[in-house]
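*Asks:* One file: entry.cif (mmCIF, N, CA and C atoms).
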data_work
#
loop_
_atom_site.label_atom_id
_atom_site.label_comp_id
_atom_site.auth_asym_id
_atom_site.auth_seq_id
_atom_site.Cartn_x
_atom_site.Cartn_y
_atom_site.Cartn_z
N MET A 64 -12.25 0.72 -19.54
CA MET A 64 -12.12 -0.30 -18.53
C MET A 64 -12.29 0.34 -17.15
N SER A 65 -12.95 -0.34 -16.29
CA SER A 65 -13.19 0.15 -14.95
C SER A 65 -12.27 -0.56 -13.96
N PHE A 66 -11.63 0.23 -13.10
CA PHE A 66 -10.74 -0.30 -12.07
C PHE A 66 -11.39 -0.11 -10.72
N VAL A 67 -11.39 -1.16 -9.91
CA VAL A 67 -11.90 -1.09 -8.55
C VAL A 67 -10.89 -1.81 -7.66
N GLN A 68 -10.30 -1.07 -6.74
CA GLN A 68 -9.30 -1.65 -5.87
C GLN A 68 -9.72 -1.48 -4.42
N THR A 69 -9.65 -2.57 -3.66
CA THR A 69 -9.94 -2.54 -2.23
C THR A 69 -8.61 -2.54 -1.50
N PHE A 70 -8.47 -1.64 -0.53
CA PHE A 70 -7.23 -1.53 0.24
C PHE A 70 -7.50 -1.78 1.72
N GLN A 71 -6.43 -2.17 2.42
CA GLN A 71 -6.45 -2.23 3.88
C GLN A 71 -5.04 -1.94 4.37
N ILE A 72 -4.96 -1.22 5.50
CA ILE A 72 -3.69 -0.92 6.14
C ILE A 72 -3.68 -1.62 7.49
N VAL A 73 -2.68 -2.48 7.70
CA VAL A 73 -2.51 -3.18 8.97
C VAL A 73 -1.33 -2.51 9.68
N ASN A 74 -1.58 -1.94 10.84
CA ASN A 74 -0.54 -1.23 11.58
C ASN A 74 -0.17 -2.04 12.82
N ASN A 75 0.89 -2.84 12.69
CA ASN A 75 1.35 -3.65 13.81
C ASN A 75 2.37 -2.91 14.68
N SER A 76 2.62 -1.65 14.39
CA SER A 76 3.52 -0.86 15.23
C SER A 76 2.75 -0.32 16.43
N THR A 77 3.46 0.30 17.35
CA THR A 77 2.79 0.90 18.51
C THR A 77 2.42 2.36 18.24
N TYR A 78 2.77 2.88 17.07
CA TYR A 78 2.55 4.28 16.73
C TYR A 78 1.27 4.47 15.93
N THR A 79 0.55 5.56 16.19
CA THR A 79 -0.60 5.91 15.37
C THR A 79 -0.09 6.52 14.08
N LEU A 80 -0.69 6.12 12.97
CA LEU A 80 -0.35 6.65 11.65
C LEU A 80 -1.33 7.76 11.29
N TYR A 81 -0.80 8.88 10.81
CA TYR A 81 -1.62 10.01 10.38
C TYR A 81 -1.41 10.26 8.89
N LEU A 82 -2.50 10.34 8.14
CA LEU A 82 -2.42 10.59 6.70
C LEU A 82 -1.97 12.01 6.43
N ASP A 83 -0.94 12.18 5.62
CA ASP A 83 -0.46 13.48 5.15
C ASP A 83 -1.15 13.76 3.82
N ARG A 84 -2.27 14.46 3.87
CA ARG A 84 -3.05 14.72 2.65
C ARG A 84 -2.30 15.59 1.65
N ILE A 85 -1.43 16.47 2.14
CA ILE A 85 -0.67 17.34 1.23
C ILE A 85 0.42 16.55 0.52
N GLY A 86 1.10 15.66 1.24
CA GLY A 86 2.16 14.85 0.64
C GLY A 86 1.65 13.69 -0.19
N SER A 87 0.41 13.28 0.02
CA SER A 87 -0.19 12.17 -0.72
C SER A 87 -0.67 12.64 -2.09
N THR A 88 -0.75 11.72 -3.04
CA THR A 88 -1.22 12.06 -4.39
C THR A 88 -2.20 11.02 -4.91
N ASN A 89 -3.08 11.46 -5.75
CA ASN A 89 -4.02 10.60 -6.49
C ASN A 89 -4.87 9.71 -5.59
N LEU A 90 -5.28 10.23 -4.45
CA LEU A 90 -6.14 9.43 -3.57
C LEU A 90 -7.55 9.33 -4.13
N GLY A 91 -7.88 10.17 -5.10
CA GLY A 91 -9.15 10.08 -5.83
C GLY A 91 -10.34 9.93 -4.92
N ASP A 92 -11.19 8.98 -5.27
CA ASP A 92 -12.41 8.76 -4.50
C ASP A 92 -12.19 7.79 -3.35
N GLY A 93 -10.93 7.39 -3.14
CA GLY A 93 -10.63 6.44 -2.08
C GLY A 93 -10.89 7.05 -0.71
N GLU A 94 -11.33 6.25 0.19
CA GLU A 94 -11.61 6.70 1.55
C GLU A 94 -10.43 6.34 2.45
N TRP A 95 -9.24 6.77 2.05
CA TRP A 95 -8.05 6.47 2.83
C TRP A 95 -8.25 6.98 4.25
N PRO A 96 -8.00 6.15 5.25
CA PRO A 96 -8.26 6.57 6.63
C PRO A 96 -7.33 7.70 7.07
N ALA A 97 -7.88 8.67 7.80
CA ALA A 97 -7.08 9.79 8.31
C ALA A 97 -6.09 9.32 9.36
N THR A 98 -6.46 8.29 10.13
CA THR A 98 -5.56 7.72 11.13
C THR A 98 -5.74 6.21 11.16
N VAL A 99 -4.65 5.54 11.55
CA VAL A 99 -4.71 4.10 11.83
C VAL A 99 -3.98 3.92 13.15
N ALA A 100 -4.70 3.56 14.17
CA ALA A 100 -4.12 3.41 15.51
C ALA A 100 -3.08 2.30 15.53
N GLY A 101 -2.16 2.40 16.50
CA GLY A 101 -1.17 1.34 16.68
C GLY A 101 -1.84 0.03 17.00
N ASN A 102 -1.24 -1.05 16.53
CA ASN A 102 -1.75 -2.41 16.76
C ASN A 102 -3.21 -2.56 16.37
N SER A 103 -3.53 -2.05 15.17
CA SER A 103 -4.90 -2.19 14.65
C SER A 103 -4.84 -2.27 13.13
N LYS A 104 -5.99 -2.42 12.53
CA LYS A 104 -6.07 -2.38 11.07
C LYS A 104 -7.23 -1.50 10.66
N SER A 105 -7.06 -0.87 9.52
CA SER A 105 -8.13 -0.01 9.02
C SER A 105 -9.25 -0.88 8.48
N PRO A 106 -10.46 -0.34 8.43
CA PRO A 106 -11.50 -1.02 7.67
C PRO A 106 -11.06 -1.05 6.21
N THR A 107 -11.56 -2.02 5.45
CA THR A 107 -11.24 -2.03 4.03
C THR A 107 -11.94 -0.83 3.37
N PHE A 108 -11.30 -0.30 2.34
CA PHE A 108 -11.86 0.83 1.61
C PHE A 108 -11.52 0.68 0.14
N LYS A 109 -12.32 1.32 -0.73
CA LYS A 109 -12.16 1.15 -2.17
C LYS A 109 -11.73 2.45 -2.83
N GLN A 110 -11.08 2.28 -3.96
CA GLN A 110 -10.78 3.39 -4.86
C GLN A 110 -11.06 2.90 -6.27
N THR A 111 -11.68 3.76 -7.07
CA THR A 111 -12.02 3.38 -8.44
C THR A 111 -11.33 4.31 -9.43
N GLY A 112 -11.26 3.87 -10.67
CA GLY A 112 -10.70 4.70 -11.73
C GLY A 112 -11.17 4.20 -13.08
N SER A 113 -11.25 5.09 -14.05
CA SER A 113 -11.71 4.67 -15.37
C SER A 113 -10.56 4.19 -16.25
N SER A 114 -9.31 4.65 -16.00
CA SER A 114 -8.19 4.20 -16.83
C SER A 114 -7.08 3.54 -16.02
N ASP A 115 -7.02 3.82 -14.72
CA ASP A 115 -6.02 3.19 -13.85
C ASP A 115 -6.33 3.52 -12.40
N ILE A 116 -5.54 2.93 -11.51
CA ILE A 116 -5.54 3.25 -10.08
C ILE A 116 -4.08 3.60 -9.78
N ASN A 117 -3.82 4.79 -9.20
CA ASN A 117 -2.44 5.22 -9.02
C ASN A 117 -2.25 6.09 -7.77
N PRO A 118 -2.67 5.62 -6.58
CA PRO A 118 -2.50 6.46 -5.38
C PRO A 118 -1.12 6.27 -4.73
N THR A 119 -0.65 7.33 -4.10
CA THR A 119 0.47 7.26 -3.16
C THR A 119 0.00 7.94 -1.88
N ALA A 120 -0.14 7.15 -0.83
CA ALA A 120 -0.57 7.68 0.46
C ALA A 120 0.65 7.79 1.37
N VAL A 121 0.80 8.94 1.99
CA VAL A 121 1.91 9.17 2.92
C VAL A 121 1.34 9.21 4.33
N TYR A 122 1.88 8.37 5.19
CA TYR A 122 1.46 8.34 6.59
C TYR A 122 2.63 8.70 7.50
N ASN A 123 2.37 9.58 8.48
CA ASN A 123 3.37 9.97 9.48
C ASN A 123 3.16 9.12 10.73
N PHE A 124 4.27 8.64 11.29
CA PHE A 124 4.23 7.90 12.55
C PHE A 124 4.26 8.91 13.68
N GLN A 125 3.23 8.93 14.54
CA GLN A 125 3.20 9.86 15.66
C GLN A 125 4.02 9.32 16.83
N GLY A 126 4.89 10.18 17.40
CA GLY A 126 5.59 9.85 18.62
C GLY A 126 6.95 9.20 18.46
N THR A 127 7.45 9.07 17.24
CA THR A 127 8.79 8.50 17.07
C THR A 127 9.83 9.55 17.40
N HIS A 128 10.99 9.13 17.92
CA HIS A 128 12.03 10.10 18.28
C HIS A 128 12.67 10.73 17.05
N ILE A 129 12.68 10.02 15.92
CA ILE A 129 13.07 10.57 14.62
C ILE A 129 11.81 10.50 13.75
N PRO A 130 11.39 11.59 13.11
CA PRO A 130 10.18 11.53 12.28
C PRO A 130 10.28 10.44 11.21
N ILE A 131 9.25 9.63 11.12
CA ILE A 131 9.21 8.55 10.13
C ILE A 131 7.93 8.71 9.31
N ASN A 132 8.07 8.55 8.01
CA ASN A 132 6.94 8.53 7.09
C ASN A 132 6.89 7.19 6.37
N ALA A 133 5.70 6.70 6.10
CA ALA A 133 5.52 5.51 5.28
C ALA A 133 4.86 5.95 3.98
N TYR A 134 5.44 5.54 2.86
CA TYR A 134 4.91 5.85 1.53
C TYR A 134 4.29 4.57 0.98
N LEU A 135 2.98 4.57 0.84
CA LEU A 135 2.22 3.41 0.36
C LEU A 135 1.76 3.72 -1.06
N HIS A 136 2.27 2.95 -2.02
CA HIS A 136 1.96 3.24 -3.43
C HIS A 136 1.37 2.01 -4.11
N PHE A 137 0.37 2.25 -4.96
CA PHE A 137 -0.23 1.19 -5.75
C PHE A 137 -0.52 1.74 -7.14
N TYR A 138 -0.19 0.96 -8.17
CA TYR A 138 -0.46 1.38 -9.55
C TYR A 138 -0.93 0.16 -10.33
N CYS A 139 -2.07 0.29 -10.98
CA CYS A 139 -2.62 -0.77 -11.80
C CYS A 139 -3.17 -0.14 -13.08
N VAL A 140 -2.72 -0.66 -14.24
CA VAL A 140 -3.13 -0.12 -15.53
C VAL A 140 -3.12 -1.25 -16.56
N GLY A 141 -3.89 -1.11 -17.61
CA GLY A 141 -3.88 -2.08 -18.70
C GLY A 141 -5.00 -3.09 -18.59
N VAL A 142 -4.97 -4.05 -19.50
CA VAL A 142 -5.98 -5.11 -19.54
C VAL A 142 -5.28 -6.45 -19.72
N ASP A 143 -5.95 -7.50 -19.26
CA ASP A 143 -5.47 -8.86 -19.41
C ASP A 143 -5.29 -9.14 -20.90
N PRO A 144 -4.20 -9.61 -21.43
CA PRO A 144 -3.05 -10.23 -20.79
C PRO A 144 -1.86 -9.28 -20.54
N ALA A 145 -2.08 -7.98 -20.58
CA ALA A 145 -1.00 -7.03 -20.36
C ALA A 145 -1.33 -6.08 -19.21
N LEU A 146 -1.90 -6.62 -18.14
CA LEU A 146 -2.22 -5.81 -16.97
C LEU A 146 -0.92 -5.59 -16.19
N HIS A 147 -0.64 -4.33 -15.86
CA HIS A 147 0.58 -4.02 -15.09
C HIS A 147 0.20 -3.61 -13.68
N VAL A 148 0.83 -4.25 -12.69
CA VAL A 148 0.64 -3.92 -11.28
C VAL A 148 1.99 -3.56 -10.69
N ASN A 149 2.04 -2.42 -10.00
CA ASN A 149 3.24 -2.01 -9.28
C ASN A 149 2.79 -1.56 -7.91
N MET A 150 3.29 -2.20 -6.89
CA MET A 150 2.94 -1.88 -5.51
C MET A 150 4.23 -1.73 -4.73
N THR A 151 4.35 -0.64 -3.95
CA THR A 151 5.55 -0.44 -3.15
C THR A 151 5.20 0.10 -1.77
N MET A 152 6.11 -0.14 -0.83
CA MET A 152 6.04 0.50 0.48
C MET A 152 7.47 0.85 0.86
N GLN A 153 7.64 2.11 1.28
CA GLN A 153 8.95 2.62 1.62
C GLN A 153 8.84 3.50 2.85
N PHE A 154 9.82 3.45 3.73
CA PHE A 154 9.86 4.31 4.90
C PHE A 154 10.93 5.38 4.70
N SER A 155 10.67 6.54 5.25
CA SER A 155 11.68 7.60 5.23
C SER A 155 11.82 8.10 6.65
N PRO A 156 12.96 7.90 7.30
CA PRO A 156 14.17 7.29 6.73
C PRO A 156 14.02 5.77 6.65
N PRO A 157 14.79 5.16 5.71
CA PRO A 157 14.77 3.70 5.59
C PRO A 157 15.50 3.08 6.76
N PRO A 158 15.43 1.80 6.95
CA PRO A 158 14.82 0.80 6.08
C PRO A 158 13.37 0.52 6.49
N VAL A 159 12.71 -0.34 5.71
CA VAL A 159 11.38 -0.82 6.04
C VAL A 159 11.54 -1.75 7.25
N SER A 160 10.65 -1.65 8.23
CA SER A 160 10.80 -2.48 9.44
C SER A 160 10.58 -3.96 9.12
N ILE A 161 11.37 -4.80 9.81
CA ILE A 161 11.29 -6.25 9.61
C ILE A 161 9.86 -6.73 9.87
N GLY A 162 9.39 -7.61 9.00
CA GLY A 162 8.04 -8.16 9.12
C GLY A 162 7.00 -7.38 8.36
N SER A 163 7.32 -6.15 7.96
CA SER A 163 6.37 -5.38 7.14
C SER A 163 6.22 -6.07 5.79
N SER A 164 5.04 -5.92 5.18
CA SER A 164 4.81 -6.58 3.91
C SER A 164 3.78 -5.85 3.07
N ILE A 165 3.78 -6.17 1.79
CA ILE A 165 2.75 -5.72 0.86
C ILE A 165 2.21 -6.95 0.15
N SER A 166 0.91 -6.94 -0.15
CA SER A 166 0.27 -8.08 -0.82
C SER A 166 -0.81 -7.56 -1.75
N GLU A 167 -0.94 -8.21 -2.90
CA GLU A 167 -2.03 -7.88 -3.83
C GLU A 167 -2.48 -9.15 -4.54
N ASP A 168 -3.77 -9.17 -4.94
CA ASP A 168 -4.28 -10.35 -5.65
C ASP A 168 -4.74 -10.04 -7.07
N ASN A 169 -4.42 -8.85 -7.58
CA ASN A 169 -4.76 -8.52 -8.97
C ASN A 169 -4.00 -9.43 -9.94
N THR A 170 -2.74 -9.69 -9.61
CA THR A 170 -1.86 -10.45 -10.50
C THR A 170 -2.41 -11.82 -10.82
N ASP A 171 -3.05 -12.45 -9.85
CA ASP A 171 -3.57 -13.82 -10.04
C ASP A 171 -5.09 -13.84 -10.10
N ASN A 172 -5.69 -12.75 -10.61
CA ASN A 172 -7.15 -12.70 -10.79
C ASN A 172 -7.93 -13.03 -9.53
N GLY A 173 -7.39 -12.66 -8.36
CA GLY A 173 -8.10 -12.88 -7.11
C GLY A 173 -7.98 -14.28 -6.54
N HIS A 174 -7.18 -15.14 -7.18
CA HIS A 174 -7.05 -16.52 -6.70
C HIS A 174 -6.05 -16.66 -5.56
N SER A 175 -4.99 -15.85 -5.59
CA SER A 175 -3.98 -15.91 -4.53
C SER A 175 -3.26 -14.56 -4.47
N TYR A 176 -2.58 -14.33 -3.36
CA TYR A 176 -1.87 -13.07 -3.17
C TYR A 176 -0.40 -13.19 -3.55
N THR A 177 0.11 -12.15 -4.18
CA THR A 177 1.54 -11.98 -4.40
C THR A 177 2.01 -11.08 -3.26
N THR A 178 3.09 -11.48 -2.58
CA THR A 178 3.52 -10.78 -1.37
C THR A 178 5.02 -10.52 -1.40
N ASP A 179 5.43 -9.39 -0.85
CA ASP A 179 6.84 -9.09 -0.60
C ASP A 179 6.95 -8.69 0.87
N THR A 180 7.87 -9.34 1.60
CA THR A 180 8.03 -9.13 3.04
C THR A 180 9.46 -8.75 3.37
N ALA A 181 9.64 -7.78 4.27
CA ALA A 181 10.98 -7.41 4.73
C ALA A 181 11.44 -8.46 5.73
N THR A 182 12.49 -9.21 5.38
CA THR A 182 12.97 -10.29 6.24
C THR A 182 14.27 -9.92 6.95
N THR A 183 14.86 -8.78 6.62
CA THR A 183 16.07 -8.30 7.31
C THR A 183 15.88 -6.83 7.65
N ASP A 184 16.81 -6.27 8.37
CA ASP A 184 16.71 -4.85 8.73
C ASP A 184 17.42 -3.94 7.74
N HIS A 185 17.67 -4.44 6.52
CA HIS A 185 18.37 -3.64 5.51
C HIS A 185 17.54 -3.42 4.24
N VAL A 186 16.25 -3.70 4.28
CA VAL A 186 15.40 -3.59 3.09
C VAL A 186 14.96 -2.14 2.91
N PRO A 187 15.40 -1.47 1.82
CA PRO A 187 15.04 -0.07 1.63
C PRO A 187 13.61 0.14 1.11
N ILE A 188 13.10 -0.84 0.36
CA ILE A 188 11.76 -0.71 -0.23
C ILE A 188 11.18 -2.10 -0.49
N LEU A 189 9.89 -2.24 -0.29
CA LEU A 189 9.19 -3.46 -0.69
C LEU A 189 8.56 -3.18 -2.05
N ARG A 190 8.64 -4.17 -2.95
CA ARG A 190 8.15 -3.92 -4.31
C ARG A 190 7.56 -5.18 -4.93
N ILE A 191 6.40 -5.01 -5.54
CA ILE A 191 5.80 -6.02 -6.40
C ILE A 191 5.61 -5.34 -7.75
N SER A 192 6.13 -5.94 -8.82
CA SER A 192 5.96 -5.38 -10.15
C SER A 192 5.75 -6.53 -11.13
N THR A 193 4.55 -6.59 -11.72
CA THR A 193 4.24 -7.67 -12.65
C THR A 193 3.48 -7.12 -13.86
N THR A 194 3.60 -7.81 -14.97
CA THR A 194 2.81 -7.52 -16.16
C THR A 194 2.39 -8.86 -16.74
N GLY A 195 1.09 -9.00 -17.02
CA GLY A 195 0.61 -10.25 -17.58
C GLY A 195 -0.86 -10.42 -17.34
N ASN A 196 -1.27 -11.68 -17.17
CA ASN A 196 -2.67 -11.96 -16.88
C ASN A 196 -3.01 -11.38 -15.52
N GLY A 197 -4.18 -10.84 -15.39
CA GLY A 197 -4.58 -10.27 -14.11
C GLY A 197 -5.93 -9.59 -14.20
N SER A 198 -6.30 -8.95 -13.11
CA SER A 198 -7.61 -8.33 -13.00
C SER A 198 -7.49 -6.87 -12.59
N SER A 199 -8.35 -6.04 -13.16
CA SER A 199 -8.42 -4.62 -12.79
C SER A 199 -9.25 -4.41 -11.52
N ARG A 200 -9.68 -5.49 -10.93
CA ARG A 200 -10.43 -5.46 -9.67
C ARG A 200 -9.72 -6.38 -8.70
N GLY A 201 -9.29 -5.83 -7.57
CA GLY A 201 -8.55 -6.67 -6.65
C GLY A 201 -8.42 -6.07 -5.27
N ASN A 202 -7.57 -6.69 -4.49
CA ASN A 202 -7.34 -6.31 -3.10
C ASN A 202 -5.86 -6.08 -2.87
N ALA A 203 -5.53 -5.08 -2.06
CA ALA A 203 -4.15 -4.80 -1.71
C ALA A 203 -4.07 -4.53 -0.21
N ILE A 204 -3.03 -5.08 0.44
CA ILE A 204 -2.86 -4.93 1.88
C ILE A 204 -1.45 -4.43 2.15
N PHE A 205 -1.37 -3.32 2.91
CA PHE A 205 -0.10 -2.79 3.38
C PHE A 205 0.01 -3.13 4.86
N THR A 206 1.06 -3.88 5.25
CA THR A 206 1.25 -4.27 6.64
C THR A 206 2.52 -3.64 7.17
N ILE A 207 2.40 -2.84 8.22
CA ILE A 207 3.53 -2.16 8.83
C ILE A 207 3.88 -2.87 10.13
N GLY A 208 5.08 -3.44 10.18
CA GLY A 208 5.54 -4.18 11.35
C GLY A 208 5.15 -5.64 11.30
N PRO A 209 5.78 -6.43 12.17
CA PRO A 209 5.57 -7.89 12.13
C PRO A 209 4.21 -8.32 12.66
#
Starting from the file, lay out its structure as structure tokens.

*Replies:*
Amino acid sequence: MSFVQTFQIVNNSTYTLYLDRIGSTNLGDGEWPATVAGNSKSPTFKQTGSSDINPTAVYNFQGTHIPINAYLHFYCVGVDPALHVNMTMQFSPPPVSIGSSISEDNTDNGHSYTTDTATTDHVPILRISTTGNGSSRGNAIFTIGP
């Protein structure tokens, strides 16, 4: 089975995000952006895999008074009707900033997005985890800040 995932990072913070290539894992053939400027969004980029898609990208926030990292993770494996999707976003130190969200459309075969949004200032991690009907080809969006 062939997996093709399109990603985008929306950075609504005022800080530039820098990719930590050493801390990141399984970026494969993905063209994860080296930087995402504050109040901007990355161009969409793809990552492919023959048995799954399983990247964890670590981004450092430049200029914060306490160092902050964002861990962007996506995992997709299996076939319909047992396709498993796990998508998370976590900040270190926590919590995830209010208004930040993750969205993916693999779960609904590209018809609609499944989304998790931080609605309070106490959310330690955003998580989407589903198993069922779905597609190995989809879109995922990580949004940092409201």

*Asks:* List the neighbours of A:Asp115 out to 12 Å using only C-alpha atoms; skip same-chain residues closer than 3 positions along the sequence, and give me the result as a VMD selection string.

*Replies:* chain A and resid 64 to 68 89 91 110 to 112 118 137 to 142 146 to 149 198 to 200

*Asks:* Which residues match the PyMOL selection byres (((chain A and resi 152-167 and name CA) around 6) and name CA) in the file above, as a ChimeraX atom specification?

*Replies:* /A:131-135,151,168-169,176-189,202-209

*Asks:* Written as an MDAnalysis selection string, which residues does the PyMOL selection byres ((chain A and resi 98) around 8) give for the file shown?

*Replies:* chainID A and resid 79:82 95:97 99:101 104:105

*Asks:* If you measure from atom CA of A:Tyr78 to atom CA of A:Pro106, what distance in Å do you get, rounded to one decimal?

*Replies:* 17.5 Å

*Asks:* For atom CA of A:Glu94 and atom CA of A:Lys109, quote the distance in Å rounded to one decimal.

*Replies:*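 Computing the Euclidean distance for atom CA of A:Glu94 and atom CA of A:Lys109 yields 6.7 Å.
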
*Asks:* If I take atom N of A:Thr127 and atom CA of A:Ser76, how far is one from the other in Å, to one decimal?

*Replies:*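 Those two atoms sit 10.9 Å apart.
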
*Asks:* Could you tell me, as JSON, numbers by chain, which residues of chain A DSSP assigns to strand (DSSP E or B) when given the backbone?

*Replies:* {"A": [66, 67, 68, 69, 70, 71, 72, 73, 74, 80, 81, 82, 88, 98, 99, 103, 104, 108, 109, 110, 111, 112, 115, 116, 119, 120, 121, 122, 123, 124, 132, 133, 134, 135, 136, 137, 138, 139, 140, 146, 147, 148, 149, 150, 151, 152, 153, 154, 155, 164, 165, 166, 167, 177, 178, 179, 180, 188, 189, 190, 191, 192, 193, 194, 195, 200, 201, 202, 203, 204, 205, 206, 207]}

*Asks:* Box in all listed atoms of stretch 190-209 of chain A, axis-aligned, with 3 Å more on each side; write out centre and edge lengths in Å to one decimal as lines of an AutoDock Vina configuration file.

*Replies:*
center_x = -0.9
center_y = -7.1
center_z = -2.5
size_x = 25.1
size_y = 15.8
size_z = 36.2

*Asks:* For A:Leu90, which residue among A:Asn172, A:Ser192, A:Ala120, A:Met150 is the nearest when counting only C-alpha atoms?

*Replies:* A:Ala120

*Asks:* Of the candidates A:Ser113, A:Ser175, A:Thr77, A:Ser87, which shows the shortest atom-to-atom distance to A:Gln125, using all atoms listed in the file?

*Replies:* A:Thr77

*Asks:* Point out the residue among A:Gly201, A:His174, A:Ile129, A:Thr88 with the least atom-to-atom distance to A:Asn117, counting only C-alpha atoms.

*Replies:*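 Closest residue, counting only C-alpha atoms: A:Thr88.
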